[in-house]
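A.B. asks: Got a structure here, written out as structure tokens. Questions coming.
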Amino acid sequence: MISRIDLRGNTLPEGGALRDLLPRAEFDVEAALEKVRPICEDVHHRGTAALIEYAQKFDGVELQQVKVPTEALTAALEQLDPAVRAALEESIRRARIVHRNQRRSEHVTQVVPGGTVTEKWVPVERVGLYAPGGRSVYPSSVVMNVVPAQEAGVESIALASPPQKEFGGLPHPTILAACALLGVDEVYAAGGAQAVAMFAYGTDECAPANMVTGPGNIWVAAAKRYFTGKIGIDTEAGPTEIAVLADSTADPVHVAADLISQAEHDPLAAAVLVTDSAELAAAVEKELEPQVAATKHIEDRIKPALAGRQSAIVLVDSLEDGLKVVDAYGAEHLEIQTADAAAWAARVRNAGAIFVGPWSPVSLGDYCAGSNHVLPTGGCACHSSGLSVQSFLRGIHIVDYTRDALAEVTHHVVTLAEAEDLPAHGAALKARFGWKVPQA
């Protein structure tokens with residue numbers, strides 16, 4: 001059901017050579033880019049008419065308008081299962097606690113007497129958020145996108161989610177209910193690359209956004225790449241990933257359950273166990289069989305995900321080697337199920353989010369830990385972070401120098417400008433002092 005990669009007995013290679021030995025899904029955004037380009041440009045030129053046409057082509061629904069009526073949001077919340085509402089409210093509450101603490105305050109630094117640099121943080125004016133709607137419904141993604149944007153102070157928030165044939169062309173009602181709970185009343189029935197294009201270019205129904213965030217399929221990722229530079233994006237999210245670093249103290253029942261929990265997202269989802277215990281590896285392999293048989297989405301998602309090239313049990317000689325492997329892999333979600341798990345977790349450098357010990361499973365982070373589940377995939381955790389309040393903030397430096405403070409440093413500026421063969425830079429200062437460089 002799941003393959004093995006045995007890295008025991010040899011010195012592990014470094015950097016890219018080690019990454020090349022590890023499992024990873026094929027996710028060719030560049031190839032998809034050529035297919036989404038004409039879709040994006042069609043939305044640019046035809047706006048809402050193009051979106052309605054693509055809803056018919058890709059989603060099998062006939063729309064009269066793309067914007068969701070406010071009354072549909074209200075009705076969805078009124079009809080929401082009380083238990084689901086309570087769970088969403090708790091998810092929102094916990095997410096607000098964590099993200100509110102991420103707010104950044106203005107800071108003034110006095111560099112020299114009379115010379116200050118102030119850093120202020122300004123939220124983007126308008127964001128377009130994307131909530132997937134393919135194999136599953138993701139109201140949790142609504143929470144994870146909206147809460148940090150709101151806590152950052154974004155004034156204008158719009159959300160898009162694919163239209164659903166079974167719900168009369170509206171996004172899934174649980175998505176709409178989550179929007180209503182969060183106070184987001186600008187929602188669009190649009191999916192895929194065309195939804196990103198709607199936010200990037202704007203239409204007669206939807207004003208253009210400064211930034212687009214949220215997980216999606218390869219077409220969403222490709223559209224984000226297409227618009228990079230025109231709008232801000234969070235990340236080109238690929239298939240979900242879980243890696244588990246475990247030793248002989250780990251419970252194979254827990255490890256198997258957690259691997260399956262991510263495999264049920266998508267046939268390209270990655271489930272990776274890294275362990276120095278051959279006994280644990282064998283126990284997990286044995287445990288996978290009955291747990292997979294007892295769950296849902298077996299043939300269309302879980303079995304293909306576990307059997308795919310992106311999933312494996314990686315055997316290493318020691319936890320030190322295991323740490324090197326998980327750092328090279330850079331998982332979206334990394335569980336540490338070892339003795340002294342917190343100490344090992346503290347040494348991890350590359351992961352979207354780290355889950356410590358047997359009582360912090362990835363599923364908790366997906367919904368109610370308070371952390372954000374919009375995280376870097378495909379190894380991007382080595383250079384990128386998950387979605388946060390900071391994702392929606394721009395740092396601006398405000399420079400304020402007096403005449404005396406400028407005079408004191410002018411000779412250094414002139415020297416550096418001339419060293420770079422940019423004499424006009426220095427002249428801009430000399431002009432303020434009668435073209436004479438003040439004495440240091």
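Just so we're on the same page: first chain in the structure tokens is A, next is B, and so on; residues restart at 1 for each chain, and ligands are numbered from 1 in the order they show up.
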What are the nearest atom pairs, with distances in Å to one decimal, for all residues of region 110-164 of chain A that come at most 6 Å from region 209-228 of chain A, using only C-alpha atoms, set out by chain and rising residue number as a tab-separated table?

C.D. replies:
residue	atom	partner	partner_atom	distance
A:Arg126	CA	A:Ala209	CA	5.0
A:Val127	CA	A:Met211	CA	4.9
A:Gly128	CA	A:Val212	CA	4.7
A:Leu129	CA	A:Thr213	CA	5.1
A:Tyr130	CA	A:Gly214	CA	4.8
A:Pro132	CA	A:Gly216	CA	5.4

A.B. asks: Mind the document's chain letters and residue numbers, and return as JSON, numbers by chain the residues of region 138-294 of chain A that DSSP labels alpha helix (DSSP H).

C.D. replies: {"A": [139, 140, 141, 142, 143, 144, 145, 146, 147, 148, 149, 150, 151, 152, 173, 174, 175, 176, 177, 178, 179, 180, 181, 182, 192, 193, 194, 195, 196, 197, 198, 199, 200, 201, 218, 219, 220, 221, 222, 223, 224, 225, 226, 227, 252, 253, 254, 255, 256, 257, 258, 259, 260, 261, 262, 263, 278, 279, 280, 281, 282, 283, 284, 285, 286, 287, 288, 289, 290, 291, 292, 293]}

A.B. asks: Near region 35-44 of chain A, within 6 Å and counting only C-alpha atoms, which residues show up once chain neighbours fewer than 2 positions away are dropped, as a count of residues only?

C.D. replies: 8

A.B. asks: Tell me, which residues of region 293-409 of chain A carry DSSP strand (DSSP E or B), written as a ChimeraX atom specification?

C.D. replies: /A:312-315,331-337,351-356,393-401

A.B. asks: Would you list the contacts of Arg94 (chain A) as a list in words, taking every protein, DNA or RNA residue within 8 Å and counting only C-alpha atoms, but skipping same-chain residues closer than 3 positions in sequence?

C.D. replies: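 What passes the distance filter is Glu90, Ser91, Ile97, Val98, Cys368, Ala369 and Gly370 of chain A.
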
A.B. asks: Only N, CA, C and O atoms, please: the residues just picked out, written as a CSV table (one decimal), in the first residue's frame.

C.D. replies:
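In the end it all went to part.csv:
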chain,number,residue,atom,x,y,z
A,90,GLU,N,-16.2,28.1,17.3
A,90,GLU,CA,-15.0,27.8,18.1
A,90,GLU,C,-13.7,27.9,17.3
A,90,GLU,O,-12.7,28.4,17.8
A,91,SER,N,-13.8,27.4,16.1
A,91,SER,CA,-12.6,27.5,15.2
A,91,SER,C,-12.2,29.0,15.0
A,91,SER,O,-11.1,29.4,15.0
A,97,ILE,N,-7.7,34.5,18.5
A,97,ILE,CA,-6.8,34.6,19.6
A,97,ILE,C,-5.4,34.6,19.1
A,97,ILE,O,-4.5,35.4,19.4
A,98,VAL,N,-5.1,33.6,18.2
A,98,VAL,CA,-3.7,33.5,17.7
A,98,VAL,C,-3.3,34.6,16.8
A,98,VAL,O,-2.3,35.2,16.9
A,368,CYS,N,-9.1,23.5,14.6
A,368,CYS,CA,-9.3,24.2,15.9
A,368,CYS,C,-8.1,24.4,16.8
A,368,CYS,O,-8.3,24.6,18.0
A,369,ALA,N,-6.9,24.3,16.2
A,369,ALA,CA,-5.7,24.6,17.1
A,369,ALA,C,-5.6,26.1,17.3
A,369,ALA,O,-5.0,26.5,18.4
A,370,GLY,N,-6.1,26.9,16.4
A,370,GLY,CA,-5.8,28.3,16.4
A,370,GLY,C,-4.8,28.7,15.4
A,370,GLY,O,-4.7,29.9,15.1

A.B. asks: Identify which of the residues A:Gln262, A:Thr203, A:Thr415, A:Gln65 lies closest to Gly169 (chain A), counting only C-alpha atoms when measuring atom-to-atom distances.

C.D. replies: A:Gln65

A.B. asks: Just the number, please: distance in Å from CA of Val255 (chain A) to CA of Ala328 (chain A), one decimal.

C.D. replies: 20.7 Å

A.B. asks: When you look at Ala160 (chain A) with a cut-off of 8 Å (counting only C-alpha atoms), what residues show up, excluding the ones that are within fewer than 6 positions of it in the same chain? I need them as a PyMOL selection string.

C.D. replies: chain A and resi 128-131+187-191+195

A.B. asks: Please report the interatomic distance between CA of Glu125 (chain A) and CA of Glu155 (chain A) in Å with one decimal.

C.D. replies: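 Atom-to-atom, CA of Glu125 (chain A) to CA of Glu155 (chain A), that is 5.9 Å.
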
A.B. asks: Determine, counting only C-alpha atoms, which protein, DNA and RNA residues have an atom within 7 Å of an atom of Ala305 (chain A); residues of the same chain fewer than 4 positions away are not included. Present the result as a ChimeraX atom specification.

C.D. replies: /A:263,266-270,301,311

A.B. asks: Pick from A:Ala49, A:Val29, A:Val413, A:Ala381: nearest to Ala353 (chain A), with only C-alpha atoms counted?

C.D. replies: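 Closest candidate: A:Ala381.
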
A.B. asks: Write out as a list in words which residues come within 8 Å of region 117-124 of chain A when counting only C-alpha atoms, dropping same-chain ones fewer than 5 positions away.

C.D. replies: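 Near region 117-124 of chain A, the qualifying residues are Arg104, Ser105, Glu106, His107, Val108, Thr109, Gln110, Val111, Ala152, Gly153, Val154, Asn210, Met211, Phe392, Leu393, Arg394, Gly395, Ile396, His397, Ile398, Val399 and Asp400 of chain A.
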
A.B. asks: So which one's closest to Ile313 (chain A), A:Asp6, A:Asp185, A:Glu236, A:Asp20? Using only C-alpha atoms, please.

C.D. replies: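 Distance minimum relative to Ile313 (chain A) lands on A:Asp6.
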